Amino acid sequence: MDAFIEGLTTSLQPINIMWIVIGGFLGTVVGMLPGLGPATAVAVLIPVTFGMDPVSALILMAAIYYGAMYGGSRSSILLNTPGDGSAIAATFDGYPMARQGKAGEAMALSAVASFVGGIMAVFGFILLAQPLANFALRFGPAEYFLLMLLTLSAIVSLSMGKMVKGFIAMSLGLLIGTIGIDTQSGVYRFTFGITELSEGLDFLIVIIGIYALGEVLFNFLTIDEDSKKERKKVGKIWFTKDQWKRSLMPMLRSGPLGFIIGVLPGAGGTIASMLSYSSEKQISKKPEEFGKGAPEGLAAPESANNAASVGAMIPLLTMGIPGSGTTAVMLGALIMLGIRPGPLLFENQPETVWTLVNSMFIGNVALVIINIVLVGLLVKILDTPAKILYPLIVMLAFIGTYTLSYTAFDFFLLILFGYFGLVMKILDFPLAPLILAAIVGGDMEQNFRMALASSNGSLGIFFGSGVSIALFVLIILSLCYPLIVKAFQRRKAEPTS
Amino acid sequence: MKWFKLGMPIFLMVVGLGFLISAINLPKANLGNPNGPLYFPVGISILLIVLSVIYLIQELRKARESNDHIRELFSGRTPVLIISTIVLGVVYALIFETLGFLVSTILFLGALLFVVNGPRKWVSNIIVTLAFSFMTWYAFGELLGVSLP
């Protein structure tokens, strides 16, 4: 409780409120850019936190993350181009609303829905985080290894229909993680005589390369088409009583749903928003209005999406296991700030955790205000030609990379990964498994070897406790998940055909 | 376009093989299990090679299917934009430490804007280049205390 109050006072300091507002605004702006999502926003803006004290930096990072989540749906509503998977559901009814001249109403509704989902999820966080951290304290190396394996296999099998590509991306990420000095034996691995590689390949370069440079290069494919998109009239920036009435219950139902999905490994905002959309459509009295601008069809997924983004912070902070590409980028940012997420974080630095939690509250309040009051300004930014914005993001990616270790050698790695990210996007590879594996790969190997060392090389250690057996079963289930879904779809399809 | 789709699995196989060969040739560890540093990379590179073979077979089966993104990659200005960005990036890497942050960034961003935004909008290109180069130089160098060359 003391730590909670301390966290509240820290996050209420004027300077930190200022960082929340700045971060929220920057995140909203980058998250809003068509074709670029929250992962890009966090990746590009990581270097902004250099030279700040860790707590303020953490607050700023978190604000950028939430801001990008809010911003992501702006381009869904106005331009029908979601920045990432979790903003897709916002196009279903958000864009039709904009076409009916209700863009302002849609944006206000989406901001308020995000706020409702976010606040509900923060309460969930407070309830669930501490017990989960206590539980995770009992994990040994074997359990950690299996947990990371579960996260990776879950994120791959949830990228439906791309299992092989997903596992290829994962293997590449794991191999990237092995480059550099092996911490247990001091052996240099895969450095090919390049001294810059002896410390390992900084996964932040991989992140910035793939999510910032790679995404911009990918957007070059369609750069000359986007500019012709007509601009929607914004209209008035507040929703009607009727819209509110229709949206309230769906928002309240979707918040907890999104939160729980966010906590699960590998799931995250995309699945949360899609699931809440389809379940609201099923129980709705007017399902025929969904897809034609039903306000609840926008409010529900927005609430779920934002709740999931808070829920995803739980496995990230309590176990150091990110559940999605965006949270993986967040993990990278945290490690860079010297914050080592895991159960010990709650023991050793409780004030850091609670500062973050309280900043989530304040951040959500600030963001709903930013997103409603500044709609006019935000829409103007969206009008800035992409042809000017993309070069600026490229420049930021380079400068960000330089600040990581002060050598222009890293630019070559950045270009390499940027190009590789482009090729992967073109060939429809999921990117999240690669990023995730590159970040947790090193830890995963160390835990694997520590587990084996403690059991004198017997693989039995991976079945040695109730927790590890349960994790093993979950891994098998997650691998079979696509097959189960296929079987269900077939059974569903049979009677009609 | 076929070569683009089939090139990837072959490239991945080469990467897997490269990692496998260099992993097997790693020096033995003096601390702990002498083969300790080996297991993980060897296992993963074998996994990567196996997966790449499956991927290659899958791609061979549907080699005729067209991929919209690949078509876009070779149409219009796209190849020029991508190649210029990469080339400019390499040049930027080479001049960054010798010419210093400000000069090299102005050249890099300016050139990039001329390519992407078009030479016809040279006025806004120059304004954006100068404004943002000085702004980032000030923000990183002065406010955030990052030592820039």
# chains A, B, ... in the order shown; residues from 1 in each chain; ligands from 1

$ residues_around --residues "Gly43 (chain B)" --least-positions-apart "5" --cutoff "10 Å" --atoms "only C-alpha atoms" --output "PyMOL selection string"
(chain A and resi 171+175) or (chain B and resi 20+23+38+48)

$ write_last_selection --atoms "N, CA and C atoms" --output "PDB file, in the first residue's frame"
ATOM      1  N   SER A 171      12.882 -19.145 -35.360  1.00  0.00           N
ATOM      2  CA  SER A 171      14.243 -19.702 -35.373  1.00  0.00           C
ATOM      3  C   SER A 171      15.266 -18.622 -35.681  1.00  0.00           C
ATOM      4  N   LEU A 175      18.363 -17.527 -33.319  1.00  0.00           N
ATOM      5  CA  LEU A 175      19.758 -17.524 -33.778  1.00  0.00           C
ATOM      6  C   LEU A 175      20.388 -16.150 -33.575  1.00  0.00           C
TER       7      LEU A 175
ATOM      8  N   LEU B  20      24.878 -23.576 -38.728  1.00  0.00           N
ATOM      9  CA  LEU B  20      25.171 -24.941 -38.298  1.00  0.00           C
ATOM     10  C   LEU B  20      26.664 -25.230 -38.389  1.00  0.00           C
ATOM     11  N   ALA B  23      28.599 -23.249 -35.940  1.00  0.00           N
ATOM     12  CA  ALA B  23      28.335 -23.716 -34.568  1.00  0.00           C
ATOM     13  C   ALA B  23      29.146 -24.967 -34.269  1.00  0.00           C
ATOM     14  N   LEU B  38      27.200 -25.150 -27.657  1.00  0.00           N
ATOM     15  CA  LEU B  38      26.849 -25.727 -28.959  1.00  0.00           C
ATOM     16  C   LEU B  38      25.379 -26.077 -29.108  1.00  0.00           C
ATOM     17  N   LEU B  48      15.803 -24.663 -38.368  1.00  0.00           N
ATOM     18  CA  LEU B  48      15.621 -23.684 -39.444  1.00  0.00           C
ATOM     19  C   LEU B  48      15.771 -24.345 -40.810  1.00  0.00           C
TER      20      LEU B  48
END

$ interface_residues --of "chain A" --to "chain B" --cutoff "7 Å" --atoms "only C-alpha atoms" --output "PyMOL selection string"
chain A and resi 50-51+164+168+171+175+178+182+185+187+190+217+220-221+387-388+391+395+403+408-409+411-412+415+426+445

$ write_last_selection --atoms "C-alpha atoms" --output "short mmCIF file (atom, residue, chain, number, x, y, z; two decimals), in the first residue's frame"
data_model
loop_
_atom_site.label_atom_id
_atom_site.label_comp_id
_atom_site.auth_asym_id
_atom_site.auth_seq_id
_atom_site.Cartn_x
_atom_site.Cartn_y
_atom_site.Cartn_z
CA PHE A 50 17.99 8.81 -23.35
CA GLY A 51 19.49 10.82 -20.58
CA VAL A 164 5.84 -22.67 -41.01
CA ILE A 168 11.05 -19.81 -39.36
CA SER A 171 14.24 -19.70 -35.37
CA LEU A 175 19.76 -17.52 -33.78
CA THR A 178 22.99 -16.47 -29.85
CA ASP A 182 28.29 -16.78 -24.49
CA SER A 185 31.44 -20.06 -21.05
CA VAL A 187 33.07 -18.49 -26.01
CA PHE A 190 29.04 -16.12 -34.69
CA LEU A 217 10.10 0.62 -46.93
CA PHE A 220 6.78 2.70 -50.20
CA LEU A 221 4.95 -0.04 -52.11
CA LYS A 387 6.04 11.55 -48.52
CA ILE A 388 7.43 13.99 -45.97
CA PRO A 391 11.79 10.26 -44.69
CA MET A 395 16.03 9.70 -40.19
CA THR A 403 22.39 6.56 -29.76
CA ALA A 408 27.80 4.31 -37.29
CA PHE A 409 28.65 0.65 -37.87
CA PHE A 411 23.70 1.73 -39.50
CA PHE A 412 24.71 -1.20 -41.69
CA ILE A 415 19.77 -1.26 -43.16
CA ILE A 426 6.19 -8.86 -48.69
CA GLU A 445 19.12 -20.60 -23.77
#

$ atom_distance --atom1 "CA of Cys480 (chain A)" --atom2 "CA of Ser455 (chain A)"
29.4 Å

$ closest_residue --among "A:Ile15, A:Ala312, A:Leu378, A:Ile46" --to "Gly72 (chain A)" --atoms "only C-alpha atoms"
A:Leu378

$ residues_around --residues "Met444 (chain A)" --least-positions-apart "6" --cutoff "10 Å" --atoms "only C-alpha atoms" --output "JSON, numbers by chain"
{"A": [141, 142, 144, 145, 146, 147, 148, 149, 174, 177, 437, 450], "B": [40]}

$ atom_distance --atom1 "CA of Trp238 (chain A)" --atom2 "CA of Pro34 (chain A)"
23.5 Å

$ closest_residue --among "B:Leu88, B:Leu130, B:Leu56, B:Leu107" --to "Trp3 (chain B)" --atoms "only C-alpha atoms"
B:Leu56

$ select_by_dssp --residues "region 39-71 of chain B" --states "alpha helix (DSSP H)" --output "ChimeraX atom specification"
/B:39-61,68-71

$ residues_around --residues "Thr40 (chain A)" --least-positions-apart "5" --cutoff "10 Å" --atoms "only C-alpha atoms" --output "MDAnalysis selection string"
chainID A and resid 27 30:31 35 45:46 65 68 83:84 207:216 325:326 329 393 397

$ write_last_selection --atoms "C-alpha atoms" --output "PDB file, in the first residue's frame"
ATOM      1  CA  GLY A  27       2.560   8.091 -29.336  1.00  0.00           C
ATOM      2  CA  VAL A  30       3.110   8.140 -34.649  1.00  0.00           C
ATOM      3  CA  GLY A  31       0.498   5.456 -33.965  1.00  0.00           C
ATOM      4  CA  GLY A  35       0.451   1.884 -42.030  1.00  0.00           C
ATOM      5  CA  LEU A  45      10.675   6.939 -29.950  1.00  0.00           C
ATOM      6  CA  ILE A  46      12.871   4.796 -27.661  1.00  0.00           C
ATOM      7  CA  TYR A  65       2.715   2.879 -25.815  1.00  0.00           C
ATOM      8  CA  ALA A  68       0.000   4.703 -29.930  1.00  0.00           C
ATOM      9  CA  GLY A  83      -1.757   0.753 -38.246  1.00  0.00           C
ATOM     10  CA  ASP A  84      -1.624  -2.796 -36.935  1.00  0.00           C
ATOM     11  CA  ILE A 207      13.458  -3.822 -33.618  1.00  0.00           C
ATOM     12  CA  ILE A 208      14.136  -0.408 -35.141  1.00  0.00           C
ATOM     13  CA  GLY A 209      15.293  -2.035 -38.382  1.00  0.00           C
ATOM     14  CA  ILE A 210      12.223  -4.193 -38.805  1.00  0.00           C
ATOM     15  CA  TYR A 211       9.511  -2.035 -37.272  1.00  0.00           C
ATOM     16  CA  ALA A 212      10.685   1.438 -38.258  1.00  0.00           C
ATOM     17  CA  LEU A 213      12.831   1.194 -41.397  1.00  0.00           C
ATOM     18  CA  GLY A 214      11.210  -2.008 -42.685  1.00  0.00           C
ATOM     19  CA  GLU A 215       7.693  -0.656 -42.232  1.00  0.00           C
ATOM     20  CA  VAL A 216       8.539   2.563 -44.054  1.00  0.00           C
ATOM     21  CA  GLY A 325       5.302  -7.714 -30.972  1.00  0.00           C
ATOM     22  CA  THR A 326       4.470  -4.385 -29.385  1.00  0.00           C
ATOM     23  CA  VAL A 329       9.406  -3.760 -28.178  1.00  0.00           C
ATOM     24  CA  ILE A 393      10.853   8.425 -39.655  1.00  0.00           C
ATOM     25  CA  ALA A 397      15.441   5.378 -37.034  1.00  0.00           C
TER      26      ALA A 397
END

$ closest_residue --among "A:Gly297, A:Pro482, A:Gly71, A:Gly466" --to "Gly161 (chain A)" --atoms "only C-alpha atoms"
A:Pro482

$ atom_distance --atom1 "CA of Thr91 (chain A)" --atom2 "CA of Gly235 (chain A)"
17.9 Å

$ residues_around --residues "Leu452 (chain A)" --least-positions-apart "3" --cutoff "10 Å" --atoms "only C-alpha atoms" --output "PyMOL selection string"
(chain A and resi 141-142+446-449+455-462) or (chain B and resi 36)

$ write_last_selection --atoms "C-alpha atoms" --output "PDB file, in the first residue's frame"
ATOM      1  CA  PRO A 141      15.094 -22.202 -14.903  1.00  0.00           C
ATOM      2  CA  ALA A 142      13.182 -25.186 -16.303  1.00  0.00           C
ATOM      3  CA  GLN A 446      20.663 -19.664 -20.431  1.00  0.00           C
ATOM      4  CA  ASN A 447      17.655 -21.044 -18.561  1.00  0.00           C
ATOM      5  CA  PHE A 448      17.732 -24.201 -20.656  1.00  0.00           C
ATOM      6  CA  ARG A 449      21.387 -24.796 -19.812  1.00  0.00           C
ATOM      7  CA  SER A 455      19.881 -31.954 -13.220  1.00  0.00           C
ATOM      8  CA  ASN A 456      23.287 -33.178 -14.432  1.00  0.00           C
ATOM      9  CA  GLY A 457      22.112 -33.245 -18.014  1.00  0.00           C
ATOM     10  CA  SER A 458      18.867 -35.132 -17.513  1.00  0.00           C
ATOM     11  CA  LEU A 459      15.956 -33.811 -19.574  1.00  0.00           C
ATOM     12  CA  GLY A 460      13.658 -35.077 -16.814  1.00  0.00           C
ATOM     13  CA  ILE A 461      13.965 -31.689 -15.130  1.00  0.00           C
ATOM     14  CA  PHE A 462      11.536 -30.280 -17.682  1.00  0.00           C
TER      15      PHE A 462
ATOM     16  CA  GLY B  36      27.443 -26.202 -23.635  1.00  0.00           C
TER      17      GLY B  36
END

$ residues_around --residues "Gly291 (chain A)" --least-positions-apart "5" --cutoff "12 Å" --atoms "only C-alpha atoms" --output "list in words"
Ala89, Ala90, Thr91, Phe92, Asp93, Gly94, Tyr95, Pro96, Met97, Tyr277, Ser278, Lys281, Lys286, Glu296, Gly297 and Leu298 of chain A

$ closest_residue --among "A:Ile271, A:Met424, A:Ile260, A:Gly464" --to "Gly7 (chain B)" --atoms "only C-alpha atoms"
A:Met424

$ residues_around --residues "Glu199 (chain A)" --least-positions-apart "5" --cutoff "9 Å" --atoms "only C-alpha atoms" --output "MDAnalysis selection string"
chainID A and resid 179:181
